[in-house]
$ cat protein.tsv   # TSV, C-alpha atoms and all ligand atoms
chain	number	residue	atom	x	y	z
A	220	MET	CA	137.77	112.71	74.35
A	221	HIS	CA	134.94	115.22	74.51
A	222	ILE	CA	133.99	117.26	71.46
A	223	LEU	CA	131.80	120.35	71.62
A	224	VAL	CA	129.86	120.86	68.40
A	225	THR	CA	128.32	124.23	67.61
A	226	ASN	CA	127.30	126.26	64.56
A	227	ASP	CA	125.74	129.56	63.51
A	228	ASP	CA	122.94	128.19	61.30
A	229	GLY	CA	121.00	127.15	64.41
A	230	VAL	CA	120.68	123.92	66.36
A	231	TYR	CA	118.10	122.47	63.95
A	232	ALA	CA	120.21	123.00	60.80
A	233	PRO	CA	121.02	119.75	58.94
A	234	GLY	CA	124.76	120.52	58.92
A	235	ILE	CA	125.23	120.30	62.69
A	236	LEU	CA	123.45	116.97	62.97
A	237	ILE	CA	125.48	115.22	60.29
A	238	LEU	CA	128.65	116.72	61.80
A	239	ALA	CA	127.79	115.47	65.29
A	240	GLN	CA	126.97	112.01	63.90
A	241	ALA	CA	130.35	111.79	62.14
A	242	LEU	CA	132.26	113.07	65.20
A	243	SER	CA	130.56	110.56	67.51
A	244	GLU	CA	132.94	108.01	65.92
A	245	VAL	CA	135.85	110.11	67.24
A	246	GLY	CA	134.70	110.94	70.79
A	247	ASP	CA	131.82	111.92	73.03
A	248	VAL	CA	129.86	114.77	71.48
A	249	THR	CA	127.86	117.56	73.07
A	250	ILE	CA	125.84	119.79	70.75
A	251	PHE	CA	125.45	123.34	72.05
A	252	ALA	CA	124.26	125.84	69.47
A	253	PRO	CA	122.10	128.92	68.95
A	254	ARG	CA	118.38	128.25	68.83
A	255	GLU	CA	117.96	130.44	65.71
A	256	ASN	CA	120.10	131.17	62.67
A	257	GLN	CA	122.90	133.54	63.70
A	258	SER	CA	124.87	133.57	60.46
A	259	ALA	CA	127.18	136.61	60.25
A	260	ALA	CA	126.67	137.21	64.00
A	261	GLY	CA	130.41	137.85	64.38
A	262	HIS	CA	132.37	137.32	67.57
A	263	ARG	CA	129.70	138.58	69.94
A	264	LYS	CA	129.96	138.15	73.70
A	265	THR	CA	126.58	138.63	75.37
A	266	LEU	CA	127.06	140.58	78.60
A	267	ARG	CA	123.90	142.65	79.07
A	268	THR	CA	121.10	140.15	78.65
A	269	PRO	CA	120.60	136.83	80.42
A	270	LEU	CA	121.32	133.63	78.50
A	271	ARG	CA	119.24	130.51	78.68
A	272	ALA	CA	120.35	127.02	77.70
A	273	ASP	CA	117.50	124.62	77.04
A	274	LYS	CA	117.68	120.93	76.28
A	275	VAL	CA	116.19	120.17	72.86
A	276	THR	CA	115.84	117.03	70.76
A	277	LEU	CA	117.10	116.88	67.18
A	278	PRO	CA	115.29	115.00	64.38
A	279	ASP	CA	117.23	111.74	64.98
A	280	GLY	CA	116.51	111.80	68.74
A	281	THR	CA	119.90	113.27	69.72
A	282	SER	CA	119.86	115.64	72.69
A	283	ALA	CA	121.32	119.10	72.27
A	284	PHE	CA	121.47	122.41	74.11
A	285	ALA	CA	120.02	125.51	72.48
A	286	THR	CA	120.70	129.05	73.59
A	287	ASP	CA	119.64	132.53	72.56
A	288	GLY	CA	123.28	133.60	72.75
A	289	SER	CA	125.76	133.82	69.89
A	290	PRO	CA	127.84	130.89	68.60
A	291	ALA	CA	130.80	132.22	70.59
A	292	ASP	CA	128.59	132.37	73.70
A	293	CYS	CA	127.91	128.64	73.30
A	294	VAL	CA	131.64	127.91	73.56
A	295	ALA	CA	132.10	130.28	76.50
A	296	LEU	CA	129.11	128.87	78.41
A	297	ALA	CA	130.34	125.34	77.83
A	298	LYS	CA	133.84	126.19	79.06
A	299	LEU	CA	132.51	128.15	82.03
A	300	GLY	CA	130.89	125.02	83.36
A	301	LEU	CA	127.81	123.97	81.42
A	302	VAL	CA	129.79	121.13	79.84
A	303	ASP	CA	132.10	119.06	82.05
A	304	THR	CA	135.07	118.68	79.72
A	305	VAL	CA	135.83	120.11	76.30
A	306	ASP	CA	138.89	118.83	74.44
A	307	LEU	CA	138.02	120.04	70.94
A	308	VAL	CA	135.49	122.46	69.44
A	309	VAL	CA	134.08	121.87	65.95
A	310	SER	CA	131.82	124.51	64.42
A	311	GLY	CA	129.61	123.87	61.39
A	312	ILE	CA	128.87	122.50	58.98
A	313	ASN	CA	127.98	125.95	57.72
A	314	ASN	CA	125.81	126.04	54.61
A	315	THR	CA	127.90	128.77	52.95
A	316	TRP	CA	131.67	128.90	52.44
A	317	ASN	CA	133.59	131.10	54.85
A	318	LEU	CA	136.45	132.58	52.85
A	319	GLY	CA	138.66	135.66	52.97
A	320	GLN	CA	137.14	138.53	54.95
A	321	ASP	CA	134.08	136.37	55.73
A	322	LEU	CA	136.05	135.21	58.77
A	323	THR	CA	135.36	138.52	60.50
A	324	TYR	CA	131.58	138.15	60.06
A	325	SER	CA	131.13	134.42	60.37
A	326	GLY	CA	129.48	133.00	63.49
A	327	THR	CA	130.86	129.62	62.44
A	328	VAL	CA	134.46	130.82	62.42
A	329	THR	CA	134.15	133.13	65.45
A	330	ALA	CA	132.86	130.21	67.55
A	331	ALA	CA	136.14	128.47	66.68
A	332	MET	CA	137.97	131.71	67.52
A	333	GLU	CA	136.30	131.73	70.93
A	334	ALA	CA	137.63	128.21	71.47
A	335	ALA	CA	141.11	129.42	70.49
A	336	VAL	CA	140.79	132.25	73.04
A	337	TRP	CA	140.21	129.56	75.66
A	338	GLY	CA	143.26	127.64	74.49
A	339	LEU	CA	141.23	124.86	72.89
A	340	PRO	CA	141.93	123.35	69.47
A	341	ALA	CA	139.11	124.19	67.08
A	342	LEU	CA	137.84	123.59	63.57
A	343	ALA	CA	135.35	125.63	61.55
A	344	VAL	CA	133.81	123.76	58.61
A	345	SER	CA	131.79	125.15	55.72
A	346	VAL	CA	130.38	124.01	52.38
A	347	ASN	CA	128.89	125.76	49.39
A	348	ARG	CA	125.11	126.08	49.36
A	349	HIS	CA	124.71	125.61	45.58
A	350	PRO	CA	123.89	123.32	43.93
A	351	GLU	CA	123.65	120.99	46.99
A	352	PRO	CA	125.48	121.38	50.33
A	353	ASN	CA	128.21	118.73	50.28
A	354	LEU	CA	127.50	117.73	53.89
A	355	GLU	CA	128.39	114.03	53.85
A	356	VAL	CA	131.81	114.55	52.29
A	357	ALA	CA	132.49	117.45	54.67
A	358	ALA	CA	131.41	115.49	57.76
A	359	LYS	CA	133.55	112.49	56.89
A	360	PHE	CA	136.61	114.64	56.21
A	361	THR	CA	136.09	116.60	59.45
A	362	ALA	CA	136.01	113.42	61.52
A	363	ARG	CA	139.32	112.38	59.95
A	364	LEU	CA	140.81	115.84	60.57
A	365	ALA	CA	139.56	115.88	64.17
A	366	ARG	CA	141.52	112.68	64.86
A	367	GLU	CA	144.68	114.28	63.44
A	368	VAL	CA	144.19	117.45	65.48
A	369	MET	CA	143.72	115.50	68.69
A	370	ALA	CA	146.80	113.39	67.99
A	371	ARG	CA	149.06	116.24	66.89
A	372	GLY	CA	147.63	119.35	68.58
A	373	LEU	CA	147.53	122.86	67.15
A	374	PRO	CA	149.73	125.87	67.91
A	375	ARG	CA	148.49	128.25	70.61
A	376	HIS	CA	145.52	130.47	69.67
A	377	THR	CA	145.18	128.75	66.31
A	378	LEU	CA	142.14	127.28	64.60
A	379	LEU	CA	141.67	125.56	61.27
A	380	ASN	CA	139.17	127.08	58.85
A	381	VAL	CA	138.02	124.28	56.56
A	382	ASN	CA	136.00	124.76	53.37
A	383	VAL	CA	134.85	121.79	51.32
A	384	PRO	CA	134.24	122.08	47.56
A	385	ASP	CA	131.27	120.74	45.61
A	386	GLY	CA	131.47	117.12	44.49
A	387	THR	CA	134.34	114.76	45.21
A	388	PRO	CA	137.39	116.77	46.31
A	389	LYS	CA	140.53	116.45	44.16
A	390	GLY	CA	142.65	116.71	47.31
A	391	VAL	CA	143.51	119.06	50.15
A	392	LYS	CA	145.24	122.44	49.88
A	393	ILE	CA	146.70	124.32	52.82
A	394	THR	CA	145.75	127.89	52.01
A	395	ARG	CA	145.89	131.53	53.09
A	396	GLN	CA	142.88	133.82	53.35
A	397	GLY	CA	141.93	135.15	49.95
A	398	THR	CA	139.96	138.21	48.91
A	399	ARG	CA	136.20	138.13	48.98
A	400	VAL	CA	134.36	140.42	46.57
A	401	TYR	CA	131.16	141.60	48.21
A	402	ARG	CA	128.18	142.63	46.14
A	403	ASP	CA	126.10	144.15	48.92
A	404	GLU	CA	123.41	146.62	47.96
A	405	LEU	CA	121.33	148.97	50.06
A	406	VAL	CA	117.64	148.09	49.97
A	407	SER	CA	115.67	151.03	51.23
A	408	ARG	CA	111.96	150.82	52.09
A	409	GLU	CA	109.36	152.73	54.03
A	410	ASP	CA	107.37	151.51	57.04
A	411	PRO	CA	103.59	152.11	57.38
A	412	TYR	CA	104.36	155.31	59.31
A	413	GLY	CA	106.50	156.85	56.60
A	414	ARG	CA	109.88	156.13	58.19
A	415	ALA	CA	112.66	154.63	56.13
A	416	TYR	CA	114.17	151.26	56.98
A	417	TYR	CA	117.04	149.43	55.37
A	418	TRP	CA	118.27	145.98	54.46
A	419	ILE	CA	121.78	144.98	53.48
A	420	GLY	CA	120.85	143.07	50.32
A	421	GLY	CA	122.57	142.10	47.09
A	422	ASP	CA	124.04	138.94	45.61
A	423	VAL	CA	126.23	136.35	47.32
A	424	PRO	CA	129.90	137.35	47.42
A	425	THR	CA	132.41	136.06	44.90
A	426	GLY	CA	136.21	136.18	45.14
A	427	LEU	CA	139.41	136.33	43.16
A	428	PRO	CA	140.04	132.87	41.66
A	429	GLU	CA	143.40	134.04	40.25
A	430	GLU	CA	144.82	134.32	43.79
A	431	GLU	CA	146.61	130.98	43.69
A	432	GLY	CA	147.12	129.46	47.12
A	433	SER	CA	144.10	131.23	48.61
A	434	ASP	CA	141.03	129.64	50.21
A	435	PHE	CA	138.75	130.87	47.40
A	436	TRP	CA	141.10	129.54	44.73
A	437	ALA	CA	141.24	126.12	46.41
A	438	VAL	CA	137.51	125.52	46.77
A	439	THR	CA	136.67	126.86	43.33
A	440	SER	CA	139.41	124.59	41.90
A	441	GLY	CA	137.81	121.54	43.57
A	442	TYR	CA	140.07	121.14	46.63
A	443	VAL	CA	139.35	121.07	50.34
A	444	SER	CA	140.82	124.31	51.71
A	445	ILE	CA	142.39	124.36	55.17
A	446	THR	CA	143.56	127.74	56.40
A	447	PRO	CA	145.40	127.86	59.72
A	448	VAL	CA	144.11	131.03	61.40
A	449	ASN	CA	145.79	132.78	64.31
A	450	LEU	CA	144.11	135.17	66.71
A	451	ASP	CA	147.05	137.58	66.33
A	452	MET	CA	145.66	139.98	63.72
A	453	THR	CA	148.74	142.23	63.82
A	454	GLN	CA	149.92	143.38	60.38
A	455	HIS	CA	153.53	142.58	61.22
A	456	GLY	CA	154.81	143.73	57.82
A	457	PHE	CA	153.53	147.26	58.41
A	458	MET	CA	154.95	147.81	61.92
A	459	ALA	CA	158.33	149.20	60.82
A	460	ASP	CA	156.70	151.63	58.36
A	461	LEU	CA	154.25	152.78	60.99
A	462	GLU	CA	157.17	153.29	63.38
A	463	ARG	CA	158.68	155.73	60.88
A	464	TRP	CA	155.58	157.95	61.09
A	465	GLY	CA	157.18	159.21	64.31
A	466	LEU	CA	153.89	159.56	66.13
A	467	LYS	CA	153.91	161.38	69.47
A	468	PRO	CA	151.12	161.87	71.99
A	469	GLY	CA	149.71	165.35	72.47
A	470	GLU	CA	150.85	166.95	69.19
B	1	MN	MN	125.73	130.23	58.78
$ encode --input "protein.tsv" --output "structure tokens" --more "lines below"
Ligand code: MN
Amino acid sequence: MHILVTNDDGVYAPGILILAQALSEVGDVTIFAPRENQSAAGHRKTLRTPLRADKVTLPDGTSAFATDGSPADCVALAKLGLVDTVDLVVSGINNTWNLGQDLTYSGTVTAAMEAAVWGLPALAVSVNRHPEPNLEVAAKFTARLAREVMARGLPRHTLLNVNVPDGTPKGVKITRQGTRVYRDELVSREDPYGRAYYWIGGDVPTGLPEEEGSDFWAVTSGYVSITPVNLDMTQHGFMADLERWGLKPGE
């Protein structure tokens, strides 16, 4: 079995190395990740600039490929021929939880989505940055989960979004996406030539812990959260209502 390991924190991030080490007990591992941190890069497909893939060496001597493309590009390049076989894609271990609407921003999760586009089973794995990223627990659990996924398979166009709590997990909860509460603030400054420039600043997002059964509720209650995510983003429950709007072209 051949496992492609990627991330969005960059190929030199500690999370990808510990993940690759744990998964090497499960199958052959190829690391193919962005050279730089691409957190919140989203599901970007690079079509207008050339992509390079260079062989690099990680701190423990492991070989990896680094690219200037997005996390999703790493999966696409691998599938398009840069890696001989890919049976499973595992993305992470991200150093910040990916919960609720984070999935739309996350390079970690969108790399797994790219795998799902290609019909490959995929996992996205994230931990909390504070107080200490729980990397060892997350890596060990991911290796276990990878074995299950390879033995049982996943439904079409489906990935598993895994978030690991701080400390020793109380157990595993199968969850739905919760609600993130963003605390973004506009930081406005002036360049040396008098022109304004902006940062999206503010505090790290929180969530709604009272949403029982959600990803945020699970990790903040001390459980590993596994959300099965499908690429079909249709709001099925709204289709009949929308039908009743009676929309017609050209009116
Ligand atoms: Mn990241």
$ closest_atom_pairs --input "protein.tsv" --of "region 262-316 of chain A" --to "region 245-257 of chain A" --cutoff "7 Å" --atoms "only C-alpha atoms" --output "JSON lines"
{"residue": "A:Ala283", "atom": "CA", "partner": "A:Ile250", "partner_atom": "CA", "distance": 4.8}
{"residue": "A:Phe284", "atom": "CA", "partner": "A:Phe251", "partner_atom": "CA", "distance": 4.6}
{"residue": "A:Ala285", "atom": "CA", "partner": "A:Arg254", "partner_atom": "CA", "distance": 4.8}
{"residue": "A:Thr286", "atom": "CA", "partner": "A:Pro253", "partner_atom": "CA", "distance": 4.8}
{"residue": "A:Asp287", "atom": "CA", "partner": "A:Pro253", "partner_atom": "CA", "distance": 5.7}
{"residue": "A:Gly288", "atom": "CA", "partner": "A:Pro253", "partner_atom": "CA", "distance": 6.1}
{"residue": "A:Ser289", "atom": "CA", "partner": "A:Pro253", "partner_atom": "CA", "distance": 6.2}
{"residue": "A:Pro290", "atom": "CA", "partner": "A:Pro253", "partner_atom": "CA", "distance": 6.1}
{"residue": "A:Cys293", "atom": "CA", "partner": "A:Phe251", "partner_atom": "CA", "distance": 6.0}
$ write_last_selection --input "protein.tsv" --atoms "C-alpha atoms" --output "short mmCIF file (atom, residue, chain, number, x, y, z; two decimals), keeping the file's coordinate frame"
data_model
loop_
_atom_site.label_atom_id
_atom_site.label_comp_id
_atom_site.auth_asym_id
_atom_site.auth_seq_id
_atom_site.Cartn_x
_atom_site.Cartn_y
_atom_site.Cartn_z
CA ALA A 283 121.32 119.10 72.27
CA PHE A 284 121.47 122.41 74.11
CA ALA A 285 120.02 125.51 72.48
CA THR A 286 120.70 129.05 73.59
CA ASP A 287 119.64 132.53 72.56
CA GLY A 288 123.28 133.60 72.75
CA SER A 289 125.76 133.82 69.89
CA PRO A 290 127.84 130.89 68.60
CA CYS A 293 127.91 128.64 73.30
#
$ closest_residue --input "protein.tsv" --among "A:Val346, A:Ala341, A:Ala297, A:Ala239" --to "ligand MN 1 (chain B)" --atoms "all atoms listed in the file"
A:Val346
$ residues_near_point --input "protein.tsv" --point "(134.4, 121.5, 49.7)" --cutoff "10 Å" --atoms "all atoms listed in the file" --output "VMD selection string"
chain A and resid 316 344 to 347 352 to 354 356 to 357 360 381 to 391 437 to 444
$ closest_atom_pairs --input "protein.tsv" --of "chain A" --to "ligand MN 1 (chain B)" --cutoff "6 Å" --atoms "only C-alpha atoms and all ligand atoms" --output "CSV"
residue,atom,partner,partner_atom,distance
A:Asp227,CA,B:MN1,MN,4.8
A:Asp228,CA,B:MN1,MN,4.3
A:Ser258,CA,B:MN1,MN,3.8
A:Asn313,CA,B:MN1,MN,5.0
A:Asn314,CA,B:MN1,MN,5.9
$ atom_distance --input "protein.tsv" --atom1 "CA of Leu277 (chain A)" --atom2 "CA of Asn317 (chain A)"
25.0 Å
$ residues_around --input "protein.tsv" --residues "region 363-376 of chain A" --least-positions-apart "4" --cutoff "9 Å" --atoms "only C-alpha atoms" --output "ChimeraX atom specification"
/A:220,242,245,306-307,309,332,334-342,358-359,448-451
$ closest_residue --input "protein.tsv" --among "A:Thr304, A:Ser407, A:Thr315, A:Ser282" --to "Pro424 (chain A)" --atoms "only C-alpha atoms"
A:Thr315
$ atom_distance --input "protein.tsv" --atom1 "CA of Thr265 (chain A)" --atom2 "CA of Ala331 (chain A)"
16.4 Å
$ atom_distance --input "protein.tsv" --atom1 "CA of Tyr324 (chain A)" --atom2 "CA of Trp436 (chain A)"
20.0 Å
$ closest_residue --input "protein.tsv" --among "A:Ile445, A:Met458, A:Leu378, A:Leu236" --to "Gly280 (chain A)" --atoms "only C-alpha atoms"
A:Leu236
$ build_atoms --input "protein.tsv" --residues "region 381-392 of chain A" --atoms "all heavy atoms" --output "CSV table (one decimal), keeping the file's coordinate frame"
chain,number,residue,atom,x,y,z
A,381,VAL,N,138.1,125.3,57.6
A,381,VAL,CA,138.0,124.3,56.6
A,381,VAL,C,136.8,124.6,55.7
A,381,VAL,O,135.7,124.8,56.1
A,381,VAL,CB,137.8,122.9,57.2
A,381,VAL,CG1,137.7,121.8,56.1
A,381,VAL,CG2,138.9,122.6,58.2
A,382,ASN,N,137.1,124.6,54.3
A,382,ASN,CA,136.0,124.8,53.4
A,382,ASN,C,136.1,123.6,52.4
A,382,ASN,O,137.1,123.3,51.9
A,382,ASN,CB,136.1,126.1,52.6
A,382,ASN,CG,135.7,127.3,53.5
A,382,ASN,OD1,134.6,127.6,53.6
A,382,ASN,ND2,136.7,127.9,54.2
A,383,VAL,N,134.9,123.0,52.1
A,383,VAL,CA,134.8,121.8,51.3
A,383,VAL,C,134.2,122.2,50.0
A,383,VAL,O,133.1,122.8,50.0
A,383,VAL,CB,134.1,120.7,52.1
A,383,VAL,CG1,133.9,119.5,51.2
A,383,VAL,CG2,134.8,120.3,53.4
A,384,PRO,N,134.8,121.7,48.9
A,384,PRO,CA,134.2,122.1,47.6
A,384,PRO,C,133.0,121.2,47.2
A,384,PRO,O,132.7,120.3,47.9
A,384,PRO,CB,135.4,121.8,46.6
A,384,PRO,CG,136.1,120.6,47.3
A,384,PRO,CD,136.0,120.8,48.8
A,385,ASP,N,132.4,121.6,46.1
A,385,ASP,CA,131.3,120.7,45.6
A,385,ASP,C,131.9,119.4,45.1
A,385,ASP,O,133.0,119.4,44.6
A,385,ASP,CB,130.5,121.5,44.5
A,385,ASP,CG,129.9,122.8,45.0
A,385,ASP,OD1,129.5,122.8,46.1
A,385,ASP,OD2,129.8,123.7,44.2
A,386,GLY,N,131.1,118.4,45.1
A,386,GLY,CA,131.5,117.1,44.5
A,386,GLY,C,132.5,116.4,45.3
A,386,GLY,O,132.7,116.6,46.5
A,387,THR,N,133.3,115.5,44.6
A,387,THR,CA,134.3,114.8,45.2
A,387,THR,C,135.6,115.6,45.2
A,387,THR,O,136.1,115.9,44.1
A,387,THR,CB,134.6,113.4,44.5
A,387,THR,OG1,133.3,112.7,44.4
A,387,THR,CG2,135.6,112.6,45.2
A,388,PRO,N,136.2,115.9,46.3
A,388,PRO,CA,137.4,116.8,46.3
A,388,PRO,C,138.6,116.1,45.6
A,388,PRO,O,138.7,114.9,45.6
A,388,PRO,CB,137.7,117.0,47.8
A,388,PRO,CG,136.5,116.6,48.5
A,388,PRO,CD,135.8,115.6,47.7
A,389,LYS,N,139.3,117.0,44.9
A,389,LYS,CA,140.5,116.4,44.2
A,389,LYS,C,141.7,116.2,45.1
A,389,LYS,O,142.6,115.5,44.8
A,389,LYS,CB,141.0,117.5,43.1
A,389,LYS,CG,140.1,117.7,42.0
A,389,LYS,CD,140.7,118.8,41.1
A,389,LYS,CE,139.7,119.3,40.0
A,389,LYS,NZ,140.1,120.5,39.4
A,390,GLY,N,141.6,116.8,46.3
A,390,GLY,CA,142.6,116.7,47.3
A,390,GLY,C,142.5,117.8,48.3
A,390,GLY,O,141.4,118.4,48.4
A,391,VAL,N,143.5,118.0,49.1
A,391,VAL,CA,143.5,119.1,50.2
A,391,VAL,C,144.6,120.1,49.9
A,391,VAL,O,145.7,119.7,49.5
A,391,VAL,CB,143.8,118.4,51.5
A,391,VAL,CG1,143.8,119.5,52.6
A,391,VAL,CG2,142.7,117.4,51.9
A,392,LYS,N,144.2,121.4,50.0
A,392,LYS,CA,145.2,122.4,49.9
A,392,LYS,C,145.3,123.2,51.2
A,392,LYS,O,144.3,123.6,51.7
A,392,LYS,CB,144.9,123.4,48.8
A,392,LYS,CG,144.8,122.8,47.4
A,392,LYS,CD,146.2,122.6,46.8
A,392,LYS,CE,146.1,122.1,45.3
A,392,LYS,NZ,147.4,121.7,44.8
